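Have a look at coords.tsv below; it lists TSV, C-alpha atoms.
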chain	number	residue	atom	x	y	z
A	1	GLN	CA	0.00	0.00	0.00
A	2	ASP	CA	2.87	2.40	0.84
A	3	ARG	CA	4.48	1.65	-2.54
A	4	ALA	CA	1.18	2.33	-4.27
A	5	LEU	CA	0.83	5.66	-2.48
A	6	THR	CA	4.42	6.58	-3.33
A	7	HIS	CA	3.86	5.69	-6.97
A	8	ASP	CA	0.65	7.74	-7.04
A	9	LEU	CA	2.48	10.74	-5.54
A	10	PHE	CA	5.27	10.37	-8.09
A	11	GLU	CA	2.75	10.25	-10.93
A	12	ARG	CA	0.89	13.35	-9.73
A	13	LYS	CA	4.06	15.37	-9.19
A	14	SER	CA	5.54	14.22	-12.47
A	15	THR	CA	2.44	15.41	-14.28
A	16	ARG	CA	2.78	18.85	-12.73
A	17	VAL	CA	6.47	19.05	-13.45
A	18	TYR	CA	5.83	18.02	-17.03
A	19	LYS	CA	3.39	20.93	-17.28
A	20	ALA	CA	6.17	23.18	-16.03
A	21	MET	CA	8.54	21.78	-18.64
A	22	GLU	CA	6.04	22.66	-21.35
A	23	ALA	CA	5.52	26.06	-19.75
A	24	PHE	CA	9.20	26.89	-20.04
A	25	ARG	CA	8.88	26.59	-23.79
A	26	SER	CA	6.07	29.10	-24.26
A	27	ALA	CA	5.01	30.82	-21.04
A	28	LYS	CA	4.31	34.54	-20.60
A	29	GLY	CA	3.46	36.62	-17.53
A	30	VAL	CA	3.88	35.80	-13.85
A	31	VAL	CA	2.77	33.42	-11.14
A	32	PRO	CA	1.52	35.68	-8.29
A	33	GLU	CA	1.13	32.74	-5.89
A	34	LEU	CA	4.78	31.71	-6.05
A	35	LYS	CA	5.72	33.62	-2.91
A	36	TYR	CA	2.98	32.12	-0.80
A	37	VAL	CA	2.66	28.43	-1.69
A	38	VAL	CA	4.80	25.47	-2.59
A	39	TRP	CA	4.14	25.43	-6.31
A	40	LEU	CA	4.40	21.68	-6.80
A	41	GLU	CA	1.58	21.03	-4.33
A	42	LYS	CA	-0.96	23.09	-6.28
A	43	GLU	CA	-3.46	21.05	-8.26
A	44	ASN	CA	-3.96	23.66	-10.98
A	45	PRO	CA	-1.06	26.09	-10.94
A	46	SER	CA	-1.10	29.11	-13.17
A	47	LEU	CA	1.64	28.67	-15.77
A	48	GLU	CA	1.16	31.88	-17.68
A	49	GLY	CA	4.50	33.60	-18.03
A	50	PHE	CA	6.12	31.37	-15.46
A	51	PRO	CA	9.86	31.81	-16.25
A	52	GLY	CA	9.87	35.57	-15.64
A	53	GLU	CA	8.99	35.37	-11.98
A	54	PHE	CA	10.79	32.08	-11.60
A	55	ALA	CA	14.21	33.61	-12.37
A	56	MET	CA	13.46	36.42	-9.91
A	57	ALA	CA	12.42	33.93	-7.23
A	58	LEU	CA	15.69	32.01	-7.63
A	59	ARG	CA	17.63	35.13	-6.65
A	60	SER	CA	15.27	36.26	-3.90
A	61	ASN	CA	16.67	37.27	-0.52
A	62	GLU	CA	13.67	35.57	1.09
A	63	PRO	CA	14.70	31.97	1.91
A	64	THR	CA	11.17	30.58	1.55
A	65	VAL	CA	10.70	32.03	-1.92
A	66	ARG	CA	14.13	30.86	-3.04
A	67	ALA	CA	13.52	27.36	-1.64
A	68	VAL	CA	10.23	27.05	-3.55
A	69	ALA	CA	11.87	28.03	-6.83
A	70	GLU	CA	14.85	25.73	-6.27
A	71	LYS	CA	12.51	22.87	-5.42
A	72	LEU	CA	10.65	23.29	-8.68
A	73	LEU	CA	13.79	23.49	-10.80
A	74	ASN	CA	15.16	20.46	-8.97
A	75	GLN	CA	12.00	18.44	-9.67
A	76	LEU	CA	11.98	19.55	-13.29
A	77	THR	CA	15.62	18.56	-13.75
A	78	ILE	CA	15.14	15.18	-12.06
A	79	LEU	CA	12.18	14.43	-14.32
A	80	ILE	CA	14.12	15.30	-17.47
A	81	ARG	CA	17.26	13.40	-16.49
A	82	SER	CA	15.43	10.34	-15.18
A	83	GLY	CA	13.71	10.10	-18.55
A	84	ALA	CA	17.04	10.00	-20.39
A	85	TRP	CA	17.72	6.27	-20.57
A	86	ASP	CA	21.04	6.82	-22.30
A	87	ARG	CA	22.97	8.45	-19.48
A	88	ASP	CA	26.11	8.74	-21.57
A	89	ARG	CA	24.59	11.02	-24.17
A	90	GLN	CA	26.43	14.30	-24.50
A	91	ASP	CA	23.60	16.75	-25.16
A	92	ASN	CA	22.17	18.52	-22.13
A	93	GLN	CA	18.40	18.07	-22.32
A	94	VAL	CA	17.82	20.40	-19.38
A	95	ILE	CA	19.47	23.25	-21.24
A	96	SER	CA	17.35	22.42	-24.27
A	97	VAL	CA	14.15	22.58	-22.21
A	98	LEU	CA	15.05	25.90	-20.58
A	99	GLY	CA	15.75	27.39	-24.01
A	100	GLU	CA	15.69	31.18	-24.01
A	101	HIS	CA	15.23	31.23	-20.24
A	102	LEU	CA	18.58	29.52	-19.62
A	103	ASP	CA	20.71	32.65	-19.11
A	104	PRO	CA	18.53	34.42	-16.49
A	105	ILE	CA	18.04	31.16	-14.57
A	106	ARG	CA	21.75	30.33	-14.64
A	107	SER	CA	22.56	33.89	-13.63
A	108	SER	CA	20.16	33.67	-10.68
A	109	LEU	CA	21.69	30.41	-9.47
A	110	GLU	CA	25.21	31.79	-9.88
A	111	ARG	CA	24.30	34.85	-7.81
A	112	THR	CA	23.14	32.62	-4.96
A	113	VAL	CA	26.17	30.35	-5.17
A	114	ASN	CA	28.61	33.26	-5.14
A	115	LYS	CA	26.92	34.98	-2.20
A	116	ARG	CA	26.09	32.06	0.11
A	117	ASP	CA	27.70	28.95	1.57
A	118	ASP	CA	24.48	27.14	2.58
A	119	CYS	CA	23.26	26.63	-0.98
A	120	ILE	CA	23.78	22.97	-1.83
A	121	VAL	CA	20.60	22.82	-3.95
A	122	ALA	CA	21.47	25.92	-5.98
A	123	ALA	CA	25.07	24.72	-6.42
A	124	SER	CA	23.91	21.30	-7.62
A	125	LEU	CA	21.44	22.82	-10.06
A	126	LEU	CA	24.08	25.21	-11.38
A	127	LEU	CA	26.32	22.24	-12.13
A	128	VAL	CA	23.59	20.78	-14.33
A	129	LEU	CA	23.78	23.95	-16.43
A	130	ASP	CA	27.52	24.57	-16.03
A	131	PRO	CA	29.30	21.29	-15.07
A	132	ASN	CA	32.67	22.95	-14.50
A	133	HIS	CA	31.59	25.87	-12.31
A	134	ASN	CA	34.40	25.93	-9.72
A	135	ARG	CA	32.51	27.53	-6.84
A	136	ALA	CA	29.55	25.13	-7.24
A	137	ILE	CA	31.89	22.12	-7.41
A	138	GLN	CA	33.60	23.24	-4.19
A	139	ILE	CA	30.27	23.55	-2.36
A	140	VAL	CA	28.97	20.13	-3.42
A	141	ALA	CA	32.32	18.41	-2.78
A	142	ARG	CA	32.52	20.01	0.67
A	143	GLU	CA	29.02	18.85	1.61
A	144	LEU	CA	29.84	15.30	0.50
A	145	MET	CA	32.67	15.33	3.07
A	146	SER	CA	30.66	17.07	5.81
A	147	GLN	CA	30.80	15.85	9.41
A	148	GLU	CA	27.02	16.22	9.55
A	149	PRO	CA	25.36	13.00	8.27
A	150	ALA	CA	22.23	14.88	7.18
A	151	HIS	CA	24.33	17.23	5.02
A	152	ARG	CA	26.21	14.33	3.42
A	153	GLN	CA	22.99	12.45	2.78
A	154	LYS	CA	21.38	15.46	1.11
A	155	ALA	CA	24.46	16.05	-1.04
A	156	CYS	CA	24.54	12.39	-2.11
A	157	GLU	CA	20.84	12.51	-2.93
A	158	LEU	CA	21.26	15.58	-5.16
A	159	VAL	CA	24.36	14.20	-6.89
A	160	GLY	CA	22.45	11.02	-7.74
A	161	GLU	CA	19.17	12.59	-8.77
A	162	LEU	CA	20.84	15.25	-10.92
A	163	ARG	CA	23.59	12.90	-12.14
A	164	LEU	CA	26.58	15.05	-11.31
A	165	ALA	CA	29.85	13.35	-12.17
A	166	HIS	CA	32.70	15.84	-11.95
A	167	PRO	CA	35.86	14.02	-10.75
A	168	LYS	CA	36.07	16.13	-7.57
A	169	ILE	CA	32.46	15.26	-6.75
A	170	LEU	CA	33.08	11.57	-7.37
A	171	VAL	CA	35.94	11.66	-4.85
A	172	GLY	CA	33.50	12.89	-2.21
A	173	LEU	CA	30.90	10.35	-3.28
A	174	ARG	CA	33.37	7.48	-2.97
A	175	ASN	CA	34.30	8.70	0.50
A	176	ALA	CA	30.62	8.78	1.48
A	177	MET	CA	30.20	5.16	0.34
A	178	CYS	CA	32.52	4.19	3.21
A	179	SER	CA	30.65	6.24	5.84
A	180	LYS	CA	29.73	4.72	9.19
A	181	GLU	CA	26.20	6.08	8.67
A	182	ALA	CA	23.98	3.54	6.89
A	183	ASN	CA	21.79	6.22	5.29
A	184	VAL	CA	24.81	8.04	3.89
A	185	ARG	CA	26.18	4.79	2.42
A	186	GLU	CA	22.81	4.02	0.85
A	187	PHE	CA	22.40	7.44	-0.78
A	188	ALA	CA	26.03	7.49	-1.95
A	189	THR	CA	25.78	4.04	-3.53
A	190	THR	CA	22.48	5.00	-5.12
A	191	ALA	CA	24.14	8.09	-6.60
A	192	VAL	CA	26.85	5.91	-8.15
A	193	TRP	CA	24.17	3.65	-9.65
A	194	ARG	CA	22.28	6.62	-11.08
A	195	ASN	CA	25.44	8.00	-12.65
A	196	GLY	CA	26.22	4.62	-14.19
A	197	SER	CA	29.33	4.44	-16.36
A	198	MET	CA	30.13	8.08	-15.57
A	199	ALA	CA	31.08	6.85	-12.07
A	200	THR	CA	33.41	3.98	-12.95
A	201	SER	CA	36.03	5.38	-10.55
A	202	ALA	CA	33.81	4.05	-7.72
A	203	VAL	CA	34.23	0.40	-8.78
A	204	PRO	CA	36.83	-0.29	-6.00
A	205	GLU	CA	34.31	0.85	-3.36
A	206	LEU	CA	31.56	-1.26	-4.95
A	207	ILE	CA	33.86	-4.30	-4.82
A	208	GLN	CA	34.70	-3.51	-1.22
A	209	ILE	CA	30.98	-3.51	-0.37
A	210	LEU	CA	30.53	-6.79	-2.25
A	211	GLN	CA	33.38	-8.44	-0.36
A	212	SER	CA	32.18	-7.16	3.00
A	213	GLY	CA	29.10	-9.36	2.94
A	214	LYS	CA	27.07	-6.35	4.08
A	215	PRO	CA	25.13	-5.26	0.98
A	216	VAL	CA	23.68	-1.78	0.72
A	217	ARG	CA	19.96	-2.41	0.30
A	218	GLY	CA	17.18	0.08	-0.16
A	219	PRO	CA	14.09	1.08	-2.14
A	220	VAL	CA	15.09	2.59	-5.49
A	221	PHE	CA	12.71	3.69	-8.21
A	222	PRO	CA	11.44	2.02	-10.42
A	223	TYR	CA	11.81	-1.21	-8.43
A	224	THR	CA	8.90	-2.13	-6.19
A	225	TYR	CA	11.00	-3.83	-3.50
A	226	PRO	CA	14.39	-3.14	-1.85
A	227	ARG	CA	17.35	-4.04	-4.04
A	228	ASP	CA	21.06	-4.61	-3.56
A	229	ILE	CA	22.09	-1.17	-4.83
A	230	GLY	CA	25.77	-2.07	-5.06
A	231	LEU	CA	24.96	-4.86	-7.53
A	232	LEU	CA	22.74	-2.52	-9.54
A	233	ALA	CA	25.67	-0.10	-9.75
A	234	LEU	CA	28.20	-2.78	-10.71
A	235	ALA	CA	25.87	-3.91	-13.50
A	236	GLU	CA	26.23	-0.43	-15.05
A	237	MET	CA	30.02	-0.40	-15.09
A	238	GLY	CA	30.67	-2.53	-18.18
A	239	PRO	CA	34.29	-3.67	-18.66
A	240	ASN	CA	35.36	-1.75	-15.55
A	241	ALA	CA	33.39	-4.24	-13.43
A	242	GLN	CA	35.45	-7.22	-14.60
A	243	PRO	CA	37.42	-7.44	-11.30
A	244	ALA	CA	34.11	-8.12	-9.53
A	245	VAL	CA	33.27	-11.16	-11.69
A	246	PRO	CA	35.38	-13.75	-9.75
A	247	ILE	CA	33.91	-12.49	-6.47
A	248	LEU	CA	30.36	-12.81	-7.77
A	249	SER	CA	31.13	-16.28	-9.13
A	250	GLY	CA	32.45	-17.40	-5.76
A	251	LYS	CA	29.28	-16.30	-4.00
A	252	LEU	CA	26.79	-18.09	-6.28
A	253	MET	CA	26.79	-21.60	-4.80
A	254	ARG	CA	26.56	-20.38	-1.18
A	255	ALA	CA	23.88	-17.73	-1.77
A	256	SER	CA	20.20	-17.87	-0.88
A	257	GLU	CA	17.71	-18.06	-3.75
A	258	GLU	CA	17.03	-14.31	-3.61
A	259	ASP	CA	20.71	-13.34	-3.42
A	260	CYS	CA	21.69	-15.83	-6.11
A	261	ILE	CA	19.21	-14.33	-8.57
A	262	GLU	CA	20.48	-10.82	-7.79
A	263	PHE	CA	24.07	-11.97	-8.45
A	264	LEU	CA	22.94	-13.56	-11.71
A	265	THR	CA	21.06	-10.41	-12.72
A	266	CYS	CA	24.25	-8.40	-12.30
A	267	LEU	CA	26.33	-10.90	-14.31
A	268	ALA	CA	23.70	-11.00	-17.06
A	269	SER	CA	23.84	-7.22	-17.34
A	270	LEU	CA	27.62	-7.37	-17.76
A	271	GLY	CA	27.21	-9.82	-20.66
A	272	PRO	CA	30.48	-11.03	-22.26
A	273	VAL	CA	32.46	-9.10	-19.62
A	274	ALA	CA	31.35	-11.85	-17.20
A	275	LYS	CA	32.65	-14.77	-19.29
A	276	GLY	CA	34.89	-15.77	-16.38
A	277	SER	CA	31.75	-16.81	-14.47
A	278	ILE	CA	30.47	-19.33	-17.06
A	279	SER	CA	31.74	-22.40	-15.18
A	280	ALA	CA	30.24	-21.29	-11.84
A	281	ILE	CA	26.90	-20.39	-13.41
A	282	GLY	CA	26.82	-23.68	-15.31
A	283	ARG	CA	26.79	-25.60	-12.02
A	284	LEU	CA	23.47	-23.92	-11.18
A	285	LEU	CA	21.73	-25.48	-14.17
A	286	THR	CA	21.06	-28.59	-12.09
A	287	GLN	CA	19.70	-26.69	-9.08
A	288	LYS	CA	16.38	-27.94	-7.70
A	289	VAL	CA	14.95	-24.42	-7.43
A	290	PRO	CA	13.29	-23.64	-10.80
A	291	SER	CA	13.80	-19.86	-10.55
A	292	VAL	CA	17.56	-20.32	-10.01
A	293	ARG	CA	17.81	-22.83	-12.86
A	294	VAL	CA	16.03	-20.53	-15.31
A	295	ALA	CA	17.97	-17.45	-14.15
A	296	ALA	CA	21.26	-19.33	-14.55
A	297	ALA	CA	20.35	-20.46	-18.07
A	298	THR	CA	19.25	-16.99	-19.10
A	299	THR	CA	22.40	-15.41	-17.63
A	300	LEU	CA	24.61	-17.81	-19.56
A	301	LEU	CA	22.80	-16.86	-22.77
A	302	CYS	CA	23.41	-13.17	-22.01
A	303	ILE	CA	27.12	-13.96	-21.72
A	304	ASP	CA	27.26	-16.52	-24.54
A	305	PRO	CA	24.15	-16.71	-26.77
A	306	GLU	CA	25.34	-20.04	-28.21
A	307	ASN	CA	25.67	-21.91	-24.88
A	308	SER	CA	24.04	-25.28	-25.61
A	309	ASN	CA	23.47	-26.38	-22.00
A	310	ALA	CA	21.70	-23.13	-21.16
A	311	SER	CA	19.67	-23.35	-24.37
A	312	GLU	CA	18.40	-26.79	-23.45
A	313	VAL	CA	17.29	-25.70	-19.97
A	314	LEU	CA	15.57	-22.50	-21.07
A	315	LEU	CA	13.74	-24.14	-24.00
A	316	SER	CA	12.49	-26.89	-21.69
A	317	PHE	CA	10.73	-24.21	-19.64
A	318	LEU	CA	9.48	-22.16	-22.59
A	319	GLN	CA	8.02	-25.29	-24.25
A	320	SER	CA	6.69	-26.81	-21.04
A	321	ASN	CA	3.10	-28.01	-20.66
A	322	GLU	CA	3.02	-26.32	-17.25
A	323	PRO	CA	1.85	-22.67	-17.57
A	324	GLU	CA	3.77	-21.69	-14.43
A	325	GLU	CA	7.05	-22.83	-15.97
A	326	VAL	CA	6.39	-20.96	-19.20
A	327	SER	CA	5.52	-17.79	-17.25
A	328	LEU	CA	8.69	-18.09	-15.16
A	329	ALA	CA	10.85	-18.40	-18.27
A	330	LEU	CA	9.15	-15.45	-19.97
A	331	GLU	CA	9.48	-13.21	-16.92
A	332	THR	CA	13.15	-14.07	-16.60
A	333	CYS	CA	13.80	-13.44	-20.29
A	334	ARG	CA	12.01	-10.11	-20.01
A	335	ASP	CA	14.18	-9.03	-17.07
A	336	PHE	CA	17.52	-10.40	-18.29
A	337	GLY	CA	17.17	-9.74	-22.02
A	338	PRO	CA	19.11	-12.59	-23.67
A	339	LYS	CA	19.77	-11.88	-27.36
A	340	ALA	CA	19.64	-15.55	-28.40
A	341	ARG	CA	17.89	-15.84	-31.77
A	342	PHE	CA	17.03	-19.51	-31.31
A	343	LEU	CA	14.43	-18.39	-28.76
A	344	VAL	CA	12.37	-16.65	-31.44
A	345	PRO	CA	10.17	-19.63	-32.53
A	346	SER	CA	9.22	-20.41	-28.92
A	347	LEU	CA	8.44	-16.75	-28.21
A	348	VAL	CA	6.33	-16.44	-31.37
A	349	ALA	CA	4.47	-19.61	-30.35
A	350	VAL	CA	3.47	-17.89	-27.10
A	351	LEU	CA	1.86	-15.10	-29.13
A	352	GLU	CA	-0.01	-17.54	-31.36
A	353	ASN	CA	-1.19	-20.12	-28.84
A	354	GLY	CA	-3.68	-18.22	-26.67
A	355	ALA	CA	-1.36	-17.53	-23.76
A	356	GLU	CA	-2.24	-15.17	-20.91
A	357	THR	CA	-1.89	-11.45	-21.68
A	358	HIS	CA	1.07	-10.96	-19.33
A	359	ASP	CA	2.89	-13.87	-20.97
A	360	LYS	CA	2.33	-12.36	-24.40
A	361	LEU	CA	3.62	-8.98	-23.22
A	362	ASN	CA	6.75	-10.59	-21.78
A	363	ALA	CA	7.31	-12.47	-25.04
A	364	ILE	CA	6.95	-9.22	-27.03
A	365	VAL	CA	9.46	-7.41	-24.78
A	366	THR	CA	11.94	-10.28	-25.17
A	367	LEU	CA	11.52	-10.32	-28.95
A	368	GLY	CA	12.12	-6.58	-28.98
A	369	ARG	CA	15.35	-7.03	-27.06
A	370	ILE	CA	16.55	-9.72	-29.46
A	371	GLY	CA	15.85	-7.26	-32.28
A	372	GLY	CA	17.02	-7.57	-35.86
A	373	GLN	CA	15.13	-9.26	-38.69
A	374	ILE	CA	13.36	-11.99	-36.74
A	375	GLY	CA	10.79	-12.81	-39.39
A	376	ARG	CA	7.21	-11.80	-40.05
Encoded form using structure tokens:
Amino acid sequence: QDRALTHDLFERKSTRVYKAMEAFRSAKGVVPELKYVVWLEKENPSLEGFPGEFAMALRSNEPTVRAVAEKLLNQLTILIRSGAWDRDRQDNQVISVLGEHLDPIRSSLERTVNKRDDCIVAASLLLVLDPNHNRAIQIVARELMSQEPAHRQKACELVGELRLAHPKILVGLRNAMCSKEANVREFATTAVWRNGSMATSAVPELIQILQSGKPVRGPVFPYTYPRDIGLLALAEMGPNAQPAVPILSGKLMRASEEDCIEFLTCLASLGPVAKGSISAIGRLLTQKVPSVRVAAATTLLCIDPENSNASEVLLSFLQSNEPEEVSLALETCRDFGPKARFLVPSLVAVLENGAETHDKLNAIVTLGRIGGQIGR
């Protein structure tokens, strides 16, 4: 129920922020209510001429007004960047959205950053628009090393949500990953995951967490249950994560069902980089637990699409007379995304043989991931 409420809140706020994004493109006039309410909480905010007052509010001497404006820009930026699935792309979509309003907004943020020390939100937002702004980098890096856990946590949260990856900021983030405070470690590791391959310098800390046997777990959107955030981050590191592969392989046979599948998910995401784990994963193909067997087979096919032992196991589930086994295989293929073309006939058969709607959807997603000319 809590997750449902959180999702509903996210949807409602995202809708409002999206309206703001559209408003930045064409708005005129002012928003008189901005000084008196938290804009994001309004059901039907006036968007006419929004950017004019917004830039003024960002440079206001009144903390409440400035906080409201920073909150809105922060939410807008998070929405835009969280929708950019390719985190390595070079164009700055936030700058594109702000368009002609970029200069006054950047100027307002810069004025705050140059005048104040307690401006972590403004500094973080300025780095979205100007990634090499020295004063803003200093402020964020300092907060990441703060002796106050709440300050470090807030800095980590902003770095992750806004995907800030300047080398000096990553140094502070890596330091925060080793904090004695559990919340700081969680937010720092989450920030590394959100930055993905832009944060490969944090791989040693991710391996240290993996070896410690004390995973950093927490709720991270869009997952509906707590995940091992360190494994999620390692899965984003590509070839740089190769040193973690032997450690993951060594943990497979001793892991619980839940942990084993999370290890396999990480290895599957690494694909051919994880070829050193093939032998260890192969031993799981005879496991009694069906979910582990299917996950192992699918992981092997992500690493080596021609693996015959894995092919045999996965096809036995996809072609099973037991609907539960077919559903398990389809869900696993959907999540892991093996690009093995021999699966195509079995997946097409699911679409043609009156399967349940969710099974058909999972088959379609898997076919889409295989891609290419798979026939008509």
Q.
Could you list, as a PyMOL selection string, every residue within 12 Å of range 304-318 of chain A, counting all atoms listed in the file and ignoring same-chain residues fewer than 6 positions away?
A. chain A and resi 267-268+270-279+281-287+290-298+324-333+337-350+355+359+362-363+370
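Residue nearest Lys168 in chain A, chosen from A:Ala191, A:Ala141, A:Val203, A:Ile78 and counting all atoms listed in the file: A:Ala141.
We find CA of Asn61 in chain A and CA of Pro149 in chain A to be spaced 27.2 Å apart.
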Would you write out, as a tab-separated table, a table of all residues in range 54-159 of chain A that have an atom no more than 10 Å from an atom of range 179-182 of chain A, listing for each the closest atom pair and the distance in Å to one decimal, considering all atoms listed in the file and ordering rows by chain and rising residue number?
residue	atom	partner	partner_atom	distance
A:Met145	CA	A:Ser179	CA	9.7
A:Pro149	CA	A:Glu181	CA	7.0
A:Ala150	CA	A:Glu181	CA	9.8
A:Arg152	CA	A:Ser179	CA	9.5
A:Gln153	CA	A:Glu181	CA	9.3
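Close contacts of Thr265 in chain A, defined as residues with an atom at most 9 Å away when counting only C-alpha atoms, with chain neighbours fewer than 6 positions off set aside, comprise Leu231, Leu232, Ala235, Ala295, Thr299, Asp335 and Phe336 of chain A.
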Q. Rounded to one decimal in Å, what is the spacing between CA of Arg163 in chain A and CA of Ser197 in chain A?
A. 11.1 Å
Test item: axis-aligned box, all listed atoms of range 219-230 of chain A, 6 Å on each side, centre and edges in Å rounded to one decimal, as JSON:
{"center_x": 17.3, "center_y": -0.5, "center_z": -6.1, "size_x": 28.9, "size_y": 20.3, "size_z": 20.6}
Mind filling out range 281-288 of chain A with all heavy atoms and sending it as a PDB file, in the coordinates of the input?
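As written to disk, result-v6.pdb reads:
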ATOM      1  N   ILE A 281      28.339 -20.478 -13.102  1.00  0.00           N
ATOM      2  CA  ILE A 281      26.900 -20.390 -13.410  1.00  0.00           C
ATOM      3  C   ILE A 281      26.401 -21.728 -13.946  1.00  0.00           C
ATOM      4  O   ILE A 281      25.280 -22.157 -13.641  1.00  0.00           O
ATOM      5  CB  ILE A 281      26.640 -19.272 -14.438  1.00  0.00           C
ATOM      6  CG1 ILE A 281      27.059 -17.923 -13.869  1.00  0.00           C
ATOM      7  CG2 ILE A 281      25.168 -19.221 -14.824  1.00  0.00           C
ATOM      8  CD1 ILE A 281      27.011 -16.784 -14.872  1.00  0.00           C
ATOM      9  N   GLY A 282      27.233 -22.403 -14.741  1.00  0.00           N
ATOM     10  CA  GLY A 282      26.820 -23.680 -15.310  1.00  0.00           C
ATOM     11  C   GLY A 282      26.450 -24.702 -14.253  1.00  0.00           C
ATOM     12  O   GLY A 282      25.561 -25.546 -14.471  1.00  0.00           O
ATOM     13  N   ARG A 283      27.111 -24.640 -13.086  1.00  0.00           N
ATOM     14  CA  ARG A 283      26.790 -25.600 -12.020  1.00  0.00           C
ATOM     15  C   ARG A 283      25.396 -25.378 -11.444  1.00  0.00           C
ATOM     16  O   ARG A 283      24.851 -26.253 -10.775  1.00  0.00           O
ATOM     17  CB  ARG A 283      27.847 -25.498 -10.908  1.00  0.00           C
ATOM     18  CG  ARG A 283      29.212 -26.011 -11.343  1.00  0.00           C
ATOM     19  CD  ARG A 283      30.130 -26.233 -10.158  1.00  0.00           C
ATOM     20  NE  ARG A 283      30.605 -24.979  -9.594  1.00  0.00           N
ATOM     21  CZ  ARG A 283      31.704 -24.342 -10.002  1.00  0.00           C
ATOM     22  NH1 ARG A 283      32.417 -24.840 -11.004  1.00  0.00           N
ATOM     23  NH2 ARG A 283      32.078 -23.225  -9.439  1.00  0.00           N
ATOM     24  N   LEU A 284      24.822 -24.203 -11.690  1.00  0.00           N
ATOM     25  CA  LEU A 284      23.470 -23.920 -11.180  1.00  0.00           C
ATOM     26  C   LEU A 284      22.374 -24.484 -12.078  1.00  0.00           C
ATOM     27  O   LEU A 284      21.205 -24.474 -11.696  1.00  0.00           O
ATOM     28  CB  LEU A 284      23.279 -22.398 -11.047  1.00  0.00           C
ATOM     29  CG  LEU A 284      24.189 -21.670 -10.063  1.00  0.00           C
ATOM     30  CD1 LEU A 284      23.928 -20.163 -10.126  1.00  0.00           C
ATOM     31  CD2 LEU A 284      23.967 -22.177  -8.638  1.00  0.00           C
ATOM     32  N   LEU A 285      22.744 -24.963 -13.254  1.00  0.00           N
ATOM     33  CA  LEU A 285      21.730 -25.480 -14.170  1.00  0.00           C
ATOM     34  C   LEU A 285      21.053 -26.741 -13.661  1.00  0.00           C
ATOM     35  O   LEU A 285      19.994 -27.131 -14.165  1.00  0.00           O
ATOM     36  CB  LEU A 285      22.354 -25.757 -15.547  1.00  0.00           C
ATOM     37  CG  LEU A 285      22.858 -24.525 -16.318  1.00  0.00           C
ATOM     38  CD1 LEU A 285      23.520 -24.959 -17.614  1.00  0.00           C
ATOM     39  CD2 LEU A 285      21.712 -23.565 -16.592  1.00  0.00           C
ATOM     40  N   THR A 286      21.649 -27.378 -12.662  1.00  0.00           N
ATOM     41  CA  THR A 286      21.060 -28.590 -12.090  1.00  0.00           C
ATOM     42  C   THR A 286      20.421 -28.321 -10.728  1.00  0.00           C
ATOM     43  O   THR A 286      20.029 -29.266 -10.032  1.00  0.00           O
ATOM     44  CB  THR A 286      22.127 -29.687 -11.950  1.00  0.00           C
ATOM     45  OG1 THR A 286      23.204 -29.191 -11.148  1.00  0.00           O
ATOM     46  CG2 THR A 286      22.657 -30.092 -13.309  1.00  0.00           C
ATOM     47  N   GLN A 287      20.330 -27.055 -10.355  1.00  0.00           N
ATOM     48  CA  GLN A 287      19.700 -26.690  -9.080  1.00  0.00           C
ATOM     49  C   GLN A 287      18.245 -27.153  -9.045  1.00  0.00           C
ATOM     50  O   GLN A 287      17.557 -27.171 -10.066  1.00  0.00           O
ATOM     51  CB  GLN A 287      19.742 -25.175  -8.892  1.00  0.00           C
ATOM     52  CG  GLN A 287      21.034 -24.663  -8.310  1.00  0.00           C
ATOM     53  CD  GLN A 287      21.049 -24.737  -6.787  1.00  0.00           C
ATOM     54  OE1 GLN A 287      20.013 -24.882  -6.146  1.00  0.00           O
ATOM     55  NE2 GLN A 287      22.231 -24.655  -6.219  1.00  0.00           N
ATOM     56  N   LYS A 288      17.769 -27.497  -7.842  1.00  0.00           N
ATOM     57  CA  LYS A 288      16.380 -27.940  -7.700  1.00  0.00           C
ATOM     58  C   LYS A 288      15.395 -26.776  -7.810  1.00  0.00           C
ATOM     59  O   LYS A 288      14.243 -26.957  -8.200  1.00  0.00           O
ATOM     60  CB  LYS A 288      16.192 -28.655  -6.367  1.00  0.00           C
ATOM     61  CG  LYS A 288      16.947 -29.970  -6.242  1.00  0.00           C
ATOM     62  CD  LYS A 288      16.677 -30.623  -4.895  1.00  0.00           C
ATOM     63  CE  LYS A 288      17.418 -31.955  -4.789  1.00  0.00           C
ATOM     64  NZ  LYS A 288      17.178 -32.613  -3.467  1.00  0.00           N
TER      65      LYS A 288
END
